[in-house]
Each structure stands twice: as C-alpha cells, then as structure tokens.
Amino acid sequence: MDLRLKSFEEYKSAYKSSVENPDAFWDGIAKQFKWIKPYDKVCEWDFRKPDVKWFVGGKVNITENALDVHLQERPDQTAILWEPNEVNEPALEISYKELYHKVCRFANALKKQGIQKGDRVVLYMPMVPELAIACLACARIGAIHSVVFAGFSAKAMADRINDASAKMVITADELRRGDKRLNIKEIVDTALEECASVERVIVYQSKGEKHNWHEGRDLSWDEAEEGCSDDCAAEPMDSEDMLFILYTSGSTGKPKGVVHTHGGYMVYATYSFQNVFQYEPGDIYWCTADIGWITGHSYIVYGPLISGATTMMFEGIPSYPDPGRFWKVCEKHKVNQFYTAPTAIRALMGCGNEFVEGYDLSSLKVLGTVGEPINEEAWEWYHKMVGKENCPIVDTWWQTETGGIMISGLGDHSPQKPTFAGYPLPGIQPVIKNDKGETIEENGFEGLLCIQHPWPSVIRTTYGNHERCKQVYFSAFDNCYFTGDGAKRDENGMYRIIGRVDDVINVSGHRFGTAEIEDAINQHPEVIESAVVGFPHEVKGQGIYAFVIGSSNIHEEGLEKAVRAIVEEMIGKIARPDHIQIVDGLPKTRSGKIMRRILRKIVANEADQLGDTSTLLDPEVVDKLIDGVKT
Ligand code: WT7
C-alpha cells in the first residue's frame with residue numbers, strides 16, 4: 001500500500017481536495033486498508049459534544065493490517081530490528097512471519113488468562129520486542145493496551161491502573177538503560193498493593209529471575225505461552241472500538257487517559273508515516289522514542305508495521321557507552337530515516353563533533369524531530385553534522401491527542417525553514433485564534449492554535465470522563481479542537497509552533513502539568529504551599545522550578561531533599577525539579593491566586609519585565625524571590 005505523495009505539487013493538490021471534500025479524500029485512502037466489513041460512512045462528527053466517528057459501521061482489526069497482509073508479500077523481510085543496550089550483543093531481526101506468529105501466540109496466552117475484548121491491560125516494560133508484541137497481541141484480541149513509560153513511579157503507575165481498572169499488568173524482571181539496571185517487577189509489586197482490579201501479572205524474564213513471586217498472580221512470559229498455538233484469528237473490531245489508552249498530563253488534575261480507536265488511528269498513523277518520512281520499500285527506519293509515549297505507538301509500532309517497513313527498536317540511551325551511539329547504530333544498520341527529539345540533539349551537540357565525525361552516515365535520507373520546538377542552533381547542527389546538508393529535516397508537530405503528525409514537511413518535497421514545522425498534512429485544517437476566539441486570517445499573528453475539522457485519529461474521549469475531554473479540548477473555542485499551543489503562520493503559510501500557552505511544561509519532550517507536580521510536593525507534611533513553573537533550559541528545552549514554603553520544623557536542605565524525594569515517589573525521577581527555592585511567601589493577588597506570570601519572569605531572568613504588579617497583595621515578596629533565585 002503506497003500512500004505517498006511524491007512532490008510538493010501533489011501535496012498541494014491533495015491538500016486542496018482534502019479540504020474541499022474530506023469524506024471523498026479519506027475514503028480514497030481508507031479503502032486501501034484491509035477491512036473485515038467495509039464501512040458505510042466515512043465520517044460523522046460534532047465537536048461540541050464531542051462525538052467523532054470515522055469509517056462508521058466498518059469492522060477491522062489493526063493487527064491484520066500490520067501483520068497478516070504482509071505474509072504473502074514480505075514474510076521474510078525484517079519487521080522489527082532490535083538494537084540492544086549493550087554494544088557487544090548482537091542485534092535481533094524479527095521477520096514479518098515471525099512477528100505474526102509471536103503476536104498470535106501471545107494473544108492466545110492472553111486469552112488463556114481470561115483477557116477478553118474490551119479488557120484493559122497495562123504494560124510497564126523495557127524497550128524490548130516483547131513490548132511491541134504485547135501491544136499487538138492485545139489489539140489482536142480486542143483488549144485495550146495502556147503502556148506506562150517505565151520511568152514513572154509505582155504510585156504513578158497505580159493511578160493509571162486504577163483509572164483504567166486494568167485486569168492485567170505485563171512487565172519484565174529487568175530494565176537496562178546505559179549502565180543502570182532496574183528491577184521493574186519490584187515497582188509493579190509496589191504499585192499493585194493499591195490496585196484491586198489486577199488479577200494477573202505476566203513477567204517477561206530477560207534475566208530469568210523469579211523475584212518476589214506471587215503464586216497465583218504472577219506468571220512468566222514462557223509459562224503463559226505454554227501450549228498456546230501460534231495462530232490466532234483477529235477479533236473483528238468496530239472502527240470506533242478502543243485500541244489503546246495513553247495517559248498524558250494536562251494543566252489541571254491527574255493525567256488523563258487519551259483514547260484512540262482501531263479504524264481512524266490505523267488510517268492516520270499509516271498515512272502520516274509514509275508521507276512525512278517518505279518511506280520506500282527496503283528502507284531501514286529508526287525512531288528513537290520509547291513506546292511508552294505516543295511517538296513510539298504511532299511511529300515505531302503501528303504506522304511503520306502497517307506500511308510493511310523495517311522499524312528499529314533501540315533499548316538503550318544516546319550517551320551509552322558514549323555519545324556516538326546513535327551514529328554508530330545508524331552506520332551499523334544503514335539507517336535511512338532517523339527520528340529523534342530536539343533535547344537529544346542538543347545534548348549530543350554539547351558533547352562535541354568528534355562523536356559524529358567518524359561515522360559513515362551516507363545512508364540517511366530524512367531526519368526528523370518531535371516533541372518540542374527545535375532551536376535554530378540545534379537545527380543547523382543536525383542538518384550539517386548528521387545530515388551532511390543532504391537530508392531534509394522534518395520538524396513534526398503533533399500531540400498524544402492528535403494520534404499522528406499534524407504539521408510537518410514531507411520528506412524533501414516541502415520547503416524548509418528552521419524553527420518552522422511547516423505545512424499541515426492533508427486533512428488537517430489549522431487556524432490561529434485570538435483570546436476572544438476570533439480566527440485571525442492575517443499572517444504573522446501569534447495566537448492560539450486550533451484545528452477546525454476532525455481528522456481520523458483525533459482523540460475520541462478521555463477514559464472514564466468524557467466531560468473532561470469536552471472541557472479541555474472542545475470548549476475553549478466553538479466547534480474547534482484546541483491544542484494548548486501558541487503558533488504563528490508566515491507569509492507563505494508555514495506554521496511555527498511557539499510552545500504551550502497553558503500550565504503544561506515540556507521537559508525534554510515530556511509533558512508535565514505544573515499542578516500535578518505541586519500536588520506531589522504538597523503531599524509532604526512539612527510543605528505548606530508550593531508553586532511550580534517551567535524555565536528555559538539549554539538542553540531540556542524547559543526545566544522544572546519549584547518555589548516551596550515549608551514549616552518551621554524543617555531546615556532548608558532537608559526540605560529540598562524531601563521535595564525531590566516526594567516528586568520521585570509520586571511521579572518519577574523524570575519530574576524532579578531542577579531548582580527548588582525555599583521561600584516565605586508567594587506573589588498572590590488579593591483574592592489569593594498565585595501570579596504565575598510573575599514567577600515565570602523571575603525564573604527566566606526577566607525580572608526587569610514583570611509588568612503590572614499593582615494587583616499583588618504584598619509586592620515585597622517579589623523582591624525576596626528575585627534575590628534568592630537559583631540558576
Ligand atoms: C506537545 C505534545 C506527539 C509527539 C510527542 C509529544 C509539543 C510536539 C512539537 C514540535 C514544537 C512540539 C507541543 C505539543 N510539541 N512536537 N515539532 N514543535 N512543539 O507529545 O507529550 O503529547 O506533547 O509537545 O507543545 O502540544 P505530547
């Protein structure tokens with residue numbers, strides 16, 4: 001199935017028809033997939049509810065499109081190419097035929113353990129092929145997977161398991177990341193002390209240890225598969241049946257479960273994959289994300305596999321055993337498309353050119369970035385040192401909620417402009433609004449980015465709380481999806497993403513709500529109040545800055561340590577504040593609201609541009625904060 005647009009002219013004409021007649025446009029694409037029963041209608045929608053349905057009445061199973069359809073044409077082609085953490089361990093090649101059988105066998109194992117269509121299964125795994133296999137096996141039988149990134153704490157996992165009322169957890173005995181080893185089964189054990197819904201834990205044993213085994217609950221991967229056939233008919237799913245839940249942070253409350261469905265997600269992940277990366281048969285494609293994030297779902301697993309690509313999975317980290325690892329792997333496997341995050345590029349750039357220079361990177365055709373705005377310096381370095389000025393850079397803007405890439409170049413067809421993500425993909429209709437909700441047609445205006453017509457992989461609901469989905473994404477502006485990002489359009493119609501306009505911080509491409517971190521900090525008995533903001537960070541994009549008021553029972557140093565520890569416990573190491581400033585007061589309005597705008601200016605070293613502070617209850621606290629600011 002070749003869905004590629006092959007020139008900028010083709011893109012322009014596809015874009016035009018996608019706007020003029022979205023149904024006909026998407027029908028032309030969707031009918032190329034394998035449907036168990038064809039759909040009756042392309043799209044039905046009402047953003048005000050929101051109620052969005054794609055490929056209405058169709059029956060489909062996404063795994064038939066990722067696996068079965070390739071058995072004739074490319075059974076022996078490598079589907080998943082796995083590069084282990086350790087340099088001296090051999091890479092693993094899993095062919096499409098092998099993958100099909102592995103998925104079917106594990107799907108049967110899940111069934112044998114009582115997992116049925118609609119059941120939720122939480123995955124807490126290292127970046128090993130079994131993670132992709134487990135996702136596909138769930139989808140095969142109609143179970144809903146929810147992958148929790150293995151950097152989250154036991155408490156964060158427990159929150160997600162409970163929100164989804166998951167029946168099963170799949171994990172491993174060990175996670176390797178660089179020179180670190182983590183017993184993640186132990187973290188699952190802790191989480192499950194608070195989770196009554198989980199009946200069974202399947203442990204992939206890379207090390208072969210049965211740590212703290214709960215007889216009757218825990219089962220090894222091999223035990224689970226015993227006696228299971230390696231063929232398993234795909235469950236016929238309604239287009240709109242849930243495929244997965246993926247939790248992500250917002251500006252308020254606990255992380256919410258973003259829901260994607262079989263039909264629409266399948267079509268959009270595949271269409272965007274082929275067009276953005278211009279994947280050609282035989283290419284080796286590598287996305288360095290973790291499957292715990294949406295990037296891994298759409299562009300390691302589903303998009304590439306449905307396209308019949310060879311997709312690489314990397315277990316390790318960019319700096320191990322040295323900061324040349326990415327390029328070493330690109331050379332070793334002759335990678336053609338390489339997709340990573342600006343934070344990784346900036347970190348590697350900081351390590352020096354000597355770690356790139358020695359490697360043969362001539363196989364590279366397309367470079368991609370995702371997760372946060374890429375600054376010009378990093379863009380230039382990536383373009384020159386990695387792409388040797390021969391590779392287009394696709395700066396892909398999208399979100400967990402959008403399911404797939406929304407604004408980006410398409411391989412080398414599109415004009416390039418550093419720091420601009422570029423043009424919307426066909427079917428995507430962005431608009432820029434002002435605070436009053438008016439659409440601003442003139443270019444150059446910095447406003448709020450909204451999307452005004454559904455696309456097949458738009459978020460359907462937030463699991464267990466549809467009202468929240470409506471409030472967060474569909475209520476800010478009438479009949480529009482609101483992204484939470486600020487953006488502007490240039491005179492040629494290219495979009496530049498400026499960053500979040502809500503209380504979400506983006507740390508190394510990972511999203512955290514300031515409220516979520518404050519809630520964690522406030523759990524500590526010696527904390528009276530806290531306020532968290534993001535600050536510009538050279539490598540991470542944004543860092544986390546916490547202002548904390550403590551009780552008199554604890555000294556500063558002890559409190560700082562306690563704050564770090566509690567964030568680690570409640571969310572995970574990845575959310576630990578970079579700076580903690582212990583203070584006696586916070587800038588509040590007369591009505592008691594913390595003025596975050598002021599805090600953001602202070603931590604960005606822009607205290608000279610505080611603006612109007614006359615509404616503050618006690619303007620003097622501001623001077624104290626400025627005096628004590630940490631850098
Ligand atoms: C937020 C979504 C889906 C990819 C991984 C992150 C920011 C994402 C870009 C980009 C500027 C970007 C936005 C967005 N973002 N890509 N190319 N340029 N900003 O997914 O965790 O759902 O975060 O990441 O602020 O809203 P996510």
# chains A, B, ... in the order shown; residues from 1 in each chain; ligands from 1
>>> residues_around(residues="region 264-273 of chain A", least_positions_apart="2", cutoff="8 Å", atoms="only C-alpha atoms", output="ChimeraX atom specification")
/A:3-4,29-30,33,54-55,62,239-240,260-262,275-279,298-299,302-304,306-307,403-405,425,455-458
>>> residues_around(residues="Glu568 (chain A)", least_positions_apart="3", cutoff="10 Å", atoms="only C-alpha atoms", output="JSON, numbers by chain")
{"A": [151, 152, 153, 154, 155, 156, 517, 520, 521, 562, 563, 564, 565, 571, 572, 573, 574, 575, 576, 577]}
>>> select_by_dssp(residues="region 459-528 of chain A", states="strand (DSSP E)", output="PyMOL selection string")
chain A and resi 481-489+495-500+504-507+510-513+527-528
>>> residues_near_ligand(ligand="ligand 1", cutoff="7 Å", atoms="only C-alpha atoms and all ligand atoms", output="JSON, numbers by chain")
{"A": [248, 294, 295, 369, 370, 371, 372, 373, 374, 395, 396, 397, 398, 399, 400, 401, 421, 483, 484, 485, 497, 498, 499, 500, 506, 509, 510, 511]}
>>> write_last_selection(atoms="C-alpha atoms", output="short mmCIF file (atom, residue, chain, number, x, y, z; two decimals), in the first residue's frame")
data_model
loop_
_atom_site.label_atom_id
_atom_site.label_comp_id
_atom_site.auth_asym_id
_atom_site.auth_seq_id
_atom_site.Cartn_x
_atom_site.Cartn_y
_atom_site.Cartn_z
CA THR A 248 -0.82 12.32 29.39
CA ILE A 294 2.62 8.28 21.62
CA THR A 295 5.58 8.69 19.26
CA THR A 369 12.41 15.85 15.16
CA VAL A 370 9.49 15.80 17.55
CA GLY A 371 8.31 16.77 20.99
CA GLU A 372 9.23 20.43 21.40
CA PRO A 373 10.31 23.40 19.33
CA ILE A 374 13.77 22.97 17.84
CA ASP A 395 10.03 19.09 12.23
CA THR A 396 6.88 17.20 13.17
CA TRP A 397 4.32 18.95 15.34
CA TRP A 398 1.63 16.81 16.96
CA GLN A 399 0.33 15.58 20.31
CA THR A 400 -0.77 12.46 22.15
CA GLU A 401 -4.31 13.66 21.47
CA ALA A 421 7.22 22.93 11.49
CA THR A 483 -4.29 22.30 21.04
CA GLY A 484 -2.98 24.24 24.04
CA ASP A 485 -0.14 25.55 21.85
CA ILE A 497 4.95 26.42 17.00
CA ILE A 498 5.82 28.69 19.88
CA GLY A 499 5.00 26.45 22.82
CA ARG A 500 2.33 25.73 25.38
CA ASN A 506 7.69 20.34 28.33
CA GLY A 509 9.79 16.44 25.19
CA HIS A 510 7.94 15.01 28.24
CA ARG A 511 4.79 16.72 29.36
#
>>> residues_around(residues="region 14-19 of chain A", least_positions_apart="6", cutoff="7 Å", atoms="only C-alpha atoms", output="list in words")
Phe25, Pro426 and Gly427 of chain A
